>>> print(open('start.cif').read())   # mmCIF, N, CA, C and O atoms
data_upload
#
loop_
_atom_site.label_atom_id
_atom_site.label_comp_id
_atom_site.auth_asym_id
_atom_site.auth_seq_id
_atom_site.Cartn_x
_atom_site.Cartn_y
_atom_site.Cartn_z
N MET A 1 48.14 -30.34 4.74
CA MET A 1 48.14 -30.32 3.29
C MET A 1 47.76 -31.68 2.74
O MET A 1 47.12 -31.76 1.69
N GLY A 2 48.15 -32.73 3.43
CA GLY A 2 47.84 -34.08 2.99
C GLY A 2 46.34 -34.35 3.00
O GLY A 2 45.83 -35.08 2.15
N TYR A 3 45.66 -33.76 3.98
CA TYR A 3 44.22 -33.97 4.07
C TYR A 3 43.52 -33.32 2.87
O TYR A 3 42.60 -33.91 2.30
N LEU A 4 43.93 -32.12 2.50
CA LEU A 4 43.33 -31.45 1.35
C LEU A 4 43.57 -32.22 0.06
O LEU A 4 42.68 -32.33 -0.78
N LEU A 5 44.76 -32.74 -0.08
CA LEU A 5 45.08 -33.51 -1.28
C LEU A 5 44.26 -34.80 -1.34
O LEU A 5 43.76 -35.17 -2.40
N THR A 6 44.09 -35.43 -0.19
CA THR A 6 43.27 -36.63 -0.12
C THR A 6 41.81 -36.30 -0.45
O THR A 6 41.15 -37.02 -1.20
N PHE A 7 41.32 -35.21 0.12
CA PHE A 7 39.94 -34.78 -0.14
C PHE A 7 39.77 -34.47 -1.62
O PHE A 7 38.77 -34.83 -2.23
N TRP A 8 40.75 -33.80 -2.20
CA TRP A 8 40.70 -33.45 -3.63
C TRP A 8 40.65 -34.70 -4.49
O TRP A 8 39.85 -34.81 -5.41
N ASN A 9 41.49 -35.62 -4.22
CA ASN A 9 41.59 -36.83 -5.05
C ASN A 9 40.38 -37.75 -4.87
O ASN A 9 39.94 -38.39 -5.81
N LYS A 10 39.87 -37.85 -3.65
CA LYS A 10 38.78 -38.79 -3.40
C LYS A 10 37.42 -38.24 -3.85
O LYS A 10 36.62 -38.98 -4.41
N TYR A 11 37.16 -37.00 -3.54
CA TYR A 11 35.80 -36.50 -3.72
C TYR A 11 35.65 -35.52 -4.89
O TYR A 11 34.82 -35.71 -5.76
N ILE A 12 36.43 -34.49 -4.87
CA ILE A 12 36.25 -33.43 -5.86
C ILE A 12 36.57 -33.94 -7.26
O ILE A 12 35.83 -33.69 -8.20
N ARG A 13 37.64 -34.61 -7.42
CA ARG A 13 38.03 -35.10 -8.74
C ARG A 13 37.04 -36.14 -9.25
O ARG A 13 36.73 -36.19 -10.43
N ARG A 14 36.55 -36.96 -8.36
CA ARG A 14 35.63 -38.01 -8.76
C ARG A 14 34.25 -37.45 -9.12
O ARG A 14 33.61 -37.91 -10.06
N TYR A 15 33.79 -36.48 -8.33
CA TYR A 15 32.46 -35.92 -8.53
C TYR A 15 32.53 -34.47 -9.03
O TYR A 15 31.76 -33.62 -8.62
N LYS A 16 33.42 -34.21 -9.95
CA LYS A 16 33.63 -32.83 -10.40
C LYS A 16 32.39 -32.26 -11.10
O LYS A 16 32.11 -31.07 -10.98
N TYR A 17 31.64 -33.06 -11.79
CA TYR A 17 30.44 -32.56 -12.46
C TYR A 17 29.34 -32.23 -11.45
O TYR A 17 28.62 -31.25 -11.60
N VAL A 18 29.23 -33.05 -10.43
CA VAL A 18 28.24 -32.79 -9.37
C VAL A 18 28.62 -31.53 -8.61
O VAL A 18 27.76 -30.67 -8.33
N VAL A 19 29.91 -31.38 -8.30
CA VAL A 19 30.37 -30.19 -7.58
C VAL A 19 30.16 -28.95 -8.45
O VAL A 19 29.70 -27.91 -7.96
N ALA A 20 30.47 -29.04 -9.73
CA ALA A 20 30.27 -27.90 -10.63
C ALA A 20 28.79 -27.55 -10.72
O ALA A 20 28.43 -26.36 -10.71
N PHE A 21 27.92 -28.55 -10.81
CA PHE A 21 26.48 -28.30 -10.87
C PHE A 21 25.99 -27.66 -9.58
O PHE A 21 25.19 -26.71 -9.61
N LEU A 22 26.41 -28.14 -8.42
CA LEU A 22 25.99 -27.57 -7.14
C LEU A 22 26.49 -26.14 -6.98
O LEU A 22 25.75 -25.28 -6.49
N LEU A 23 27.71 -25.89 -7.41
CA LEU A 23 28.25 -24.53 -7.36
C LEU A 23 27.46 -23.60 -8.27
O LEU A 23 27.11 -22.48 -7.88
N PHE A 24 27.15 -24.07 -9.47
CA PHE A 24 26.35 -23.30 -10.41
C PHE A 24 24.95 -23.03 -9.84
O PHE A 24 24.44 -21.91 -9.91
N ALA A 25 24.34 -24.05 -9.25
CA ALA A 25 23.00 -23.89 -8.67
C ALA A 25 23.03 -22.92 -7.49
O ALA A 25 22.09 -22.11 -7.33
N LEU A 26 24.07 -22.94 -6.70
CA LEU A 26 24.21 -22.02 -5.58
C LEU A 26 24.34 -20.57 -6.09
O LEU A 26 23.68 -19.67 -5.57
N ILE A 27 25.14 -20.38 -7.11
CA ILE A 27 25.32 -19.03 -7.65
C ILE A 27 24.02 -18.53 -8.27
O ILE A 27 23.58 -17.40 -8.00
N ILE A 28 23.38 -19.33 -9.09
CA ILE A 28 22.15 -18.92 -9.75
C ILE A 28 21.00 -18.78 -8.75
O ILE A 28 20.18 -17.87 -8.85
N GLY A 29 20.92 -19.64 -7.78
CA GLY A 29 19.78 -19.66 -6.86
C GLY A 29 19.83 -18.62 -5.78
O GLY A 29 18.80 -18.08 -5.39
N VAL A 30 21.02 -18.27 -5.28
CA VAL A 30 21.08 -17.45 -4.08
C VAL A 30 22.01 -16.25 -4.22
O VAL A 30 21.64 -15.14 -3.86
N ILE A 31 23.19 -16.44 -4.74
CA ILE A 31 24.23 -15.42 -4.65
C ILE A 31 24.10 -14.32 -5.69
O ILE A 31 24.31 -13.15 -5.40
N ASP A 32 23.75 -14.64 -6.90
CA ASP A 32 23.74 -13.68 -8.01
C ASP A 32 22.72 -12.58 -7.77
O ASP A 32 21.73 -12.76 -7.07
N GLU A 33 22.95 -11.40 -8.37
CA GLU A 33 22.00 -10.30 -8.20
C GLU A 33 20.69 -10.55 -8.94
O GLU A 33 19.68 -9.92 -8.65
N ASN A 34 20.66 -11.46 -9.87
CA ASN A 34 19.43 -11.87 -10.55
C ASN A 34 19.06 -13.30 -10.15
O ASN A 34 18.56 -14.07 -10.96
N SER A 35 19.27 -13.63 -8.90
CA SER A 35 19.01 -14.99 -8.43
C SER A 35 17.51 -15.27 -8.42
O SER A 35 16.68 -14.38 -8.59
N LEU A 36 17.19 -16.51 -8.22
CA LEU A 36 15.79 -16.93 -8.18
C LEU A 36 15.05 -16.27 -7.03
O LEU A 36 13.88 -15.91 -7.16
N LEU A 37 15.72 -16.08 -5.92
CA LEU A 37 15.12 -15.43 -4.76
C LEU A 37 14.79 -13.98 -5.06
O LEU A 37 13.69 -13.50 -4.76
N VAL A 38 15.70 -13.27 -5.70
CA VAL A 38 15.47 -11.87 -6.06
C VAL A 38 14.36 -11.79 -7.10
O VAL A 38 13.50 -10.90 -7.02
N ARG A 39 14.35 -12.70 -8.05
CA ARG A 39 13.31 -12.70 -9.08
C ARG A 39 11.93 -12.93 -8.45
O ARG A 39 10.94 -12.34 -8.87
N TYR A 40 11.85 -13.80 -7.45
CA TYR A 40 10.59 -14.05 -6.77
C TYR A 40 10.08 -12.77 -6.09
O TYR A 40 8.91 -12.42 -6.21
N HIS A 41 10.98 -12.09 -5.37
CA HIS A 41 10.58 -10.86 -4.69
C HIS A 41 10.15 -9.79 -5.69
O HIS A 41 9.22 -9.03 -5.43
N ARG A 42 10.81 -9.72 -6.82
CA ARG A 42 10.43 -8.76 -7.84
C ARG A 42 9.06 -9.09 -8.43
O ARG A 42 8.27 -8.19 -8.71
N ARG A 43 8.77 -10.37 -8.61
CA ARG A 43 7.44 -10.75 -9.11
C ARG A 43 6.35 -10.37 -8.13
O ARG A 43 5.27 -9.93 -8.52
N VAL A 44 6.62 -10.56 -6.84
CA VAL A 44 5.65 -10.16 -5.82
C VAL A 44 5.43 -8.66 -5.87
O VAL A 44 4.28 -8.18 -5.81
N ASP A 45 6.50 -7.88 -5.99
CA ASP A 45 6.38 -6.43 -6.09
C ASP A 45 5.59 -6.02 -7.34
O ASP A 45 4.74 -5.12 -7.29
N ILE A 46 5.85 -6.69 -8.45
CA ILE A 46 5.14 -6.38 -9.69
C ILE A 46 3.66 -6.66 -9.55
O ILE A 46 2.82 -5.87 -9.98
N SER A 47 3.30 -7.78 -8.93
CA SER A 47 1.88 -8.10 -8.76
C SER A 47 1.20 -7.09 -7.83
O SER A 47 0.06 -6.69 -8.08
N ASN A 48 1.91 -6.65 -6.79
CA ASN A 48 1.34 -5.63 -5.90
C ASN A 48 1.14 -4.32 -6.65
O ASN A 48 0.11 -3.64 -6.48
N LEU A 49 2.11 -3.94 -7.46
CA LEU A 49 1.99 -2.70 -8.22
C LEU A 49 0.88 -2.78 -9.27
O LEU A 49 0.16 -1.80 -9.50
N LYS A 50 0.69 -3.95 -9.88
CA LYS A 50 -0.40 -4.11 -10.85
C LYS A 50 -1.75 -3.98 -10.16
O LYS A 50 -2.68 -3.39 -10.71
N ARG A 51 -1.86 -4.55 -8.96
CA ARG A 51 -3.10 -4.41 -8.20
C ARG A 51 -3.37 -2.94 -7.87
O ARG A 51 -4.50 -2.45 -7.95
N GLU A 52 -2.32 -2.23 -7.50
CA GLU A 52 -2.47 -0.81 -7.19
C GLU A 52 -2.85 -0.01 -8.43
O GLU A 52 -3.68 0.90 -8.37
N ILE A 53 -2.28 -0.36 -9.57
CA ILE A 53 -2.64 0.30 -10.84
C ILE A 53 -4.11 0.07 -11.15
O ILE A 53 -4.82 0.99 -11.56
N ASP A 54 -4.58 -1.16 -10.97
CA ASP A 54 -6.00 -1.45 -11.23
C ASP A 54 -6.91 -0.64 -10.31
O ASP A 54 -7.95 -0.14 -10.75
N LYS A 55 -6.50 -0.51 -9.04
CA LYS A 55 -7.30 0.26 -8.09
C LYS A 55 -7.38 1.72 -8.53
O LYS A 55 -8.46 2.33 -8.55
N TYR A 56 -6.25 2.30 -8.90
CA TYR A 56 -6.24 3.70 -9.32
C TYR A 56 -6.94 3.89 -10.66
O TYR A 56 -7.56 4.93 -10.90
N GLN A 57 -6.88 2.90 -11.53
CA GLN A 57 -7.59 2.99 -12.81
C GLN A 57 -9.10 3.00 -12.58
O GLN A 57 -9.83 3.76 -13.21
N GLN A 58 -9.56 2.17 -11.67
CA GLN A 58 -10.98 2.14 -11.33
C GLN A 58 -11.41 3.47 -10.72
O GLN A 58 -12.47 4.02 -11.06
N GLN A 59 -10.59 4.00 -9.82
CA GLN A 59 -10.89 5.29 -9.21
C GLN A 59 -10.91 6.39 -10.27
O GLN A 59 -11.78 7.27 -10.25
N TYR A 60 -9.99 6.35 -11.20
CA TYR A 60 -9.94 7.33 -12.28
C TYR A 60 -11.20 7.25 -13.14
O TYR A 60 -11.77 8.28 -13.52
N ASP A 61 -11.62 6.04 -13.47
CA ASP A 61 -12.83 5.87 -14.29
C ASP A 61 -14.06 6.43 -13.59
O ASP A 61 -14.90 7.09 -14.22
N GLU A 62 -14.17 6.16 -12.28
CA GLU A 62 -15.32 6.68 -11.53
C GLU A 62 -15.31 8.20 -11.49
O GLU A 62 -16.34 8.84 -11.71
N GLU A 63 -14.15 8.78 -11.23
CA GLU A 63 -14.07 10.24 -11.16
C GLU A 63 -14.27 10.88 -12.54
O GLU A 63 -14.85 11.97 -12.63
N SER A 64 -13.83 10.22 -13.59
CA SER A 64 -14.04 10.75 -14.94
C SER A 64 -15.51 10.76 -15.30
O SER A 64 -16.01 11.73 -15.89
N SER A 65 -16.22 9.69 -14.95
CA SER A 65 -17.66 9.67 -15.23
C SER A 65 -18.39 10.71 -14.39
O SER A 65 -19.33 11.36 -14.87
N ARG A 66 -17.94 10.91 -13.17
CA ARG A 66 -18.55 11.93 -12.31
C ARG A 66 -18.29 13.32 -12.88
O ARG A 66 -19.18 14.18 -12.91
N LEU A 67 -17.08 13.57 -13.35
CA LEU A 67 -16.76 14.85 -13.97
C LEU A 67 -17.57 15.07 -15.23
O LEU A 67 -18.05 16.18 -15.48
N GLN A 68 -17.72 14.02 -16.01
CA GLN A 68 -18.52 14.14 -17.24
C GLN A 68 -19.97 14.49 -16.92
O GLN A 68 -20.57 15.31 -17.61
N SER A 69 -20.51 13.89 -15.87
CA SER A 69 -21.89 14.22 -15.49
C SER A 69 -21.97 15.66 -14.97
O SER A 69 -22.97 16.35 -15.21
N LEU A 70 -20.95 16.13 -14.28
CA LEU A 70 -20.95 17.51 -13.81
C LEU A 70 -20.82 18.50 -14.96
O LEU A 70 -21.38 19.59 -14.91
N MET A 71 -20.10 18.12 -16.00
CA MET A 71 -19.92 19.01 -17.15
C MET A 71 -21.20 19.10 -17.99
O MET A 71 -21.45 20.13 -18.61
N SER A 72 -21.99 18.06 -17.99
CA SER A 72 -23.15 18.02 -18.89
C SER A 72 -24.49 18.24 -18.20
O SER A 72 -25.46 18.59 -18.86
N ASP A 73 -24.57 18.04 -16.91
CA ASP A 73 -25.86 18.07 -16.22
C ASP A 73 -25.86 19.16 -15.14
O ASP A 73 -25.17 19.02 -14.12
N PRO A 74 -26.62 20.22 -15.32
CA PRO A 74 -26.67 21.28 -14.29
C PRO A 74 -27.27 20.79 -12.97
O PRO A 74 -26.93 21.30 -11.91
N ALA A 75 -28.17 19.82 -13.04
CA ALA A 75 -28.77 19.29 -11.81
C ALA A 75 -27.72 18.59 -10.95
O ALA A 75 -27.77 18.66 -9.71
N ALA A 76 -26.75 17.96 -11.59
CA ALA A 76 -25.68 17.30 -10.85
C ALA A 76 -24.79 18.32 -10.16
O ALA A 76 -24.33 18.10 -9.03
N VAL A 77 -24.56 19.45 -10.82
CA VAL A 77 -23.76 20.53 -10.21
C VAL A 77 -24.49 21.09 -9.00
O VAL A 77 -23.88 21.32 -7.94
N GLU A 78 -25.80 21.29 -9.15
CA GLU A 78 -26.58 21.81 -8.03
C GLU A 78 -26.60 20.83 -6.86
O GLU A 78 -26.45 21.21 -5.70
N LYS A 79 -26.73 19.56 -7.16
CA LYS A 79 -26.73 18.52 -6.12
C LYS A 79 -25.40 18.51 -5.37
O LYS A 79 -25.36 18.45 -4.14
N LEU A 80 -24.29 18.60 -6.11
CA LEU A 80 -22.98 18.62 -5.48
C LEU A 80 -22.81 19.86 -4.62
O LEU A 80 -22.29 19.78 -3.50
N ALA A 81 -23.24 21.01 -5.11
CA ALA A 81 -23.11 22.25 -4.35
C ALA A 81 -23.93 22.19 -3.06
O ALA A 81 -23.48 22.64 -2.01
N ARG A 82 -25.12 21.62 -3.13
CA ARG A 82 -25.96 21.54 -1.93
C ARG A 82 -25.42 20.54 -0.92
O ARG A 82 -25.40 20.83 0.29
N GLU A 83 -24.97 19.38 -1.38
CA GLU A 83 -24.55 18.33 -0.45
C GLU A 83 -23.15 18.57 0.10
O GLU A 83 -22.93 18.43 1.31
N LYS A 84 -22.23 18.92 -0.74
CA LYS A 84 -20.84 19.01 -0.30
C LYS A 84 -20.49 20.38 0.27
O LYS A 84 -19.80 20.48 1.27
N TYR A 85 -20.96 21.43 -0.38
CA TYR A 85 -20.57 22.77 0.02
C TYR A 85 -21.66 23.52 0.78
O TYR A 85 -21.50 24.69 1.12
N LEU A 86 -22.78 22.84 1.06
CA LEU A 86 -23.88 23.37 1.86
C LEU A 86 -24.37 24.73 1.33
O LEU A 86 -24.62 25.65 2.09
N MET A 87 -24.49 24.82 0.02
CA MET A 87 -24.97 26.05 -0.61
C MET A 87 -26.49 26.00 -0.76
O MET A 87 -27.09 24.93 -0.70
N LYS A 88 -27.08 27.17 -0.97
CA LYS A 88 -28.53 27.26 -1.15
C LYS A 88 -28.82 28.31 -2.22
O LYS A 88 -27.97 29.10 -2.59
N ARG A 89 -30.05 28.27 -2.68
CA ARG A 89 -30.49 29.29 -3.65
C ARG A 89 -30.77 30.60 -2.91
O ARG A 89 -30.95 30.63 -1.70
N ALA A 90 -30.82 31.69 -3.67
CA ALA A 90 -31.03 33.00 -3.05
C ALA A 90 -32.41 33.11 -2.42
O ALA A 90 -32.58 33.79 -1.39
N ASP A 91 -33.39 32.45 -2.96
CA ASP A 91 -34.75 32.58 -2.44
C ASP A 91 -35.11 31.50 -1.42
O ASP A 91 -36.27 31.36 -1.05
N GLU A 92 -34.14 30.76 -0.95
CA GLU A 92 -34.41 29.67 0.00
C GLU A 92 -33.91 30.05 1.39
O GLU A 92 -32.97 30.82 1.54
N ASP A 93 -34.53 29.45 2.37
CA ASP A 93 -34.08 29.57 3.75
C ASP A 93 -33.73 28.16 4.23
O ASP A 93 -34.43 27.20 3.94
N VAL A 94 -32.64 28.06 4.97
CA VAL A 94 -32.19 26.76 5.48
C VAL A 94 -32.38 26.77 6.98
O VAL A 94 -31.92 27.67 7.69
N PHE A 95 -33.06 25.74 7.47
CA PHE A 95 -33.28 25.59 8.89
C PHE A 95 -32.54 24.36 9.35
O PHE A 95 -32.65 23.30 8.77
N VAL A 96 -31.79 24.50 10.43
CA VAL A 96 -31.06 23.38 11.01
C VAL A 96 -31.80 22.95 12.24
O VAL A 96 -31.99 23.73 13.18
N ILE A 97 -32.22 21.71 12.26
CA ILE A 97 -32.97 21.16 13.38
C ILE A 97 -32.03 20.25 14.16
O ILE A 97 -31.47 19.30 13.63
N VAL A 98 -31.86 20.58 15.43
CA VAL A 98 -30.96 19.82 16.28
C VAL A 98 -31.80 19.09 17.30
O VAL A 98 -32.64 19.67 18.00
N ASP A 99 -31.58 17.78 17.43
CA ASP A 99 -32.28 16.97 18.40
C ASP A 99 -31.64 17.22 19.77
O ASP A 99 -30.43 17.11 19.92
N SER A 100 -32.44 17.56 20.75
CA SER A 100 -31.89 17.90 22.07
C SER A 100 -31.27 16.69 22.76
O SER A 100 -30.37 16.82 23.56
N ALA A 101 -31.73 15.49 22.43
CA ALA A 101 -31.17 14.28 23.05
C ALA A 101 -29.78 13.99 22.52
O ALA A 101 -28.95 13.45 23.22
N SER A 102 -29.49 14.36 21.27
CA SER A 102 -28.18 14.06 20.69
C SER A 102 -27.13 15.07 21.11
O SER A 102 -25.95 14.82 20.98
N THR A 103 -27.50 16.23 21.62
CA THR A 103 -26.52 17.25 22.03
C THR A 103 -26.00 17.01 23.42
O THR A 103 -25.00 17.59 23.81
N GLU A 104 -26.63 16.21 24.21
CA GLU A 104 -26.21 15.98 25.59
C GLU A 104 -25.09 15.02 25.70
O GLU A 104 -24.69 14.22 25.05
#
>>> encode(input="start.cif", output="structure tokens")
Amino acid sequence: MGYLLTFWNKYIRRYKYVVAFLLFALIIGVIDENSLLVRYHRRVDISNLKREIDKYQQQYDEESSRLQSLMSDPAAVEKLAREKYLMKRADEDVFVIVDSASTE
């Protein structure tokens, strides 16, 4: 008990403002649920989410312009049907040419 009393009188009482500041800095910096460390991780998450939002916004813009062209241009619809769905007109014949070297 004497050691604690000596420690209290020599250090804590003399440097009470420094101890209070260090305790406050420890609580704010590390321990609290809104500490600086938690705030840093949240900022990193926010920046990642903003980047993801920008990526999806760009993808949305591209798909919207593509949809708009499909709604207004019949040639674009025909091109999509031929390329993606391998469709043909009724009066056309489709021939598939296979290279014999690539099948081996």
>>> residues_around(input="start.cif", residues="range 89-94 of chain A", least_positions_apart="6", cutoff="12 Å", atoms="only C-alpha atoms", output="count of residues only")
4
>>> atom_distance(input="start.cif", atom1="atom C of Arg43 in chain A", atom2="atom C of Ala25 in chain A")
20.9 Å
>>> atom_distance(input="start.cif", atom1="atom O of Tyr3 in chain A", atom2="CA of Tyr15 in chain A")
15.0 Å
>>> select_by_dssp(input="start.cif", residues="range 1-103 of chain A", states="alpha helix (DSSP H)", output="JSON, numbers by chain")
{"A": [2, 3, 4, 5, 6, 7, 16, 17, 18, 19, 20, 21, 22, 23, 24, 25, 26, 36, 37, 38, 39, 40, 41, 42, 43, 44, 45, 46, 47, 48, 49, 50, 51, 52, 53, 54, 55, 56, 57, 58, 59, 60, 61, 62, 63, 64, 65, 66, 67, 68, 69, 70, 71, 72, 74, 75, 76, 77, 78, 79, 80, 81, 82, 83, 84, 100, 101, 102, 103]}
>>> atom_distance(input="start.cif", atom1="CA of Leu37 in chain A", atom2="CA of Ala20 in chain A")
20.5 Å
>>> axis_aligned_box(input="start.cif", around="range 11-24 of chain A", padding_each_side="8 Å", output="lines of an AutoDock Vina configuration file")
center_x = 31.2
center_y = -30.0
center_z = -8.0
size_x = 29.6
size_y = 32.1
size_z = 24.9
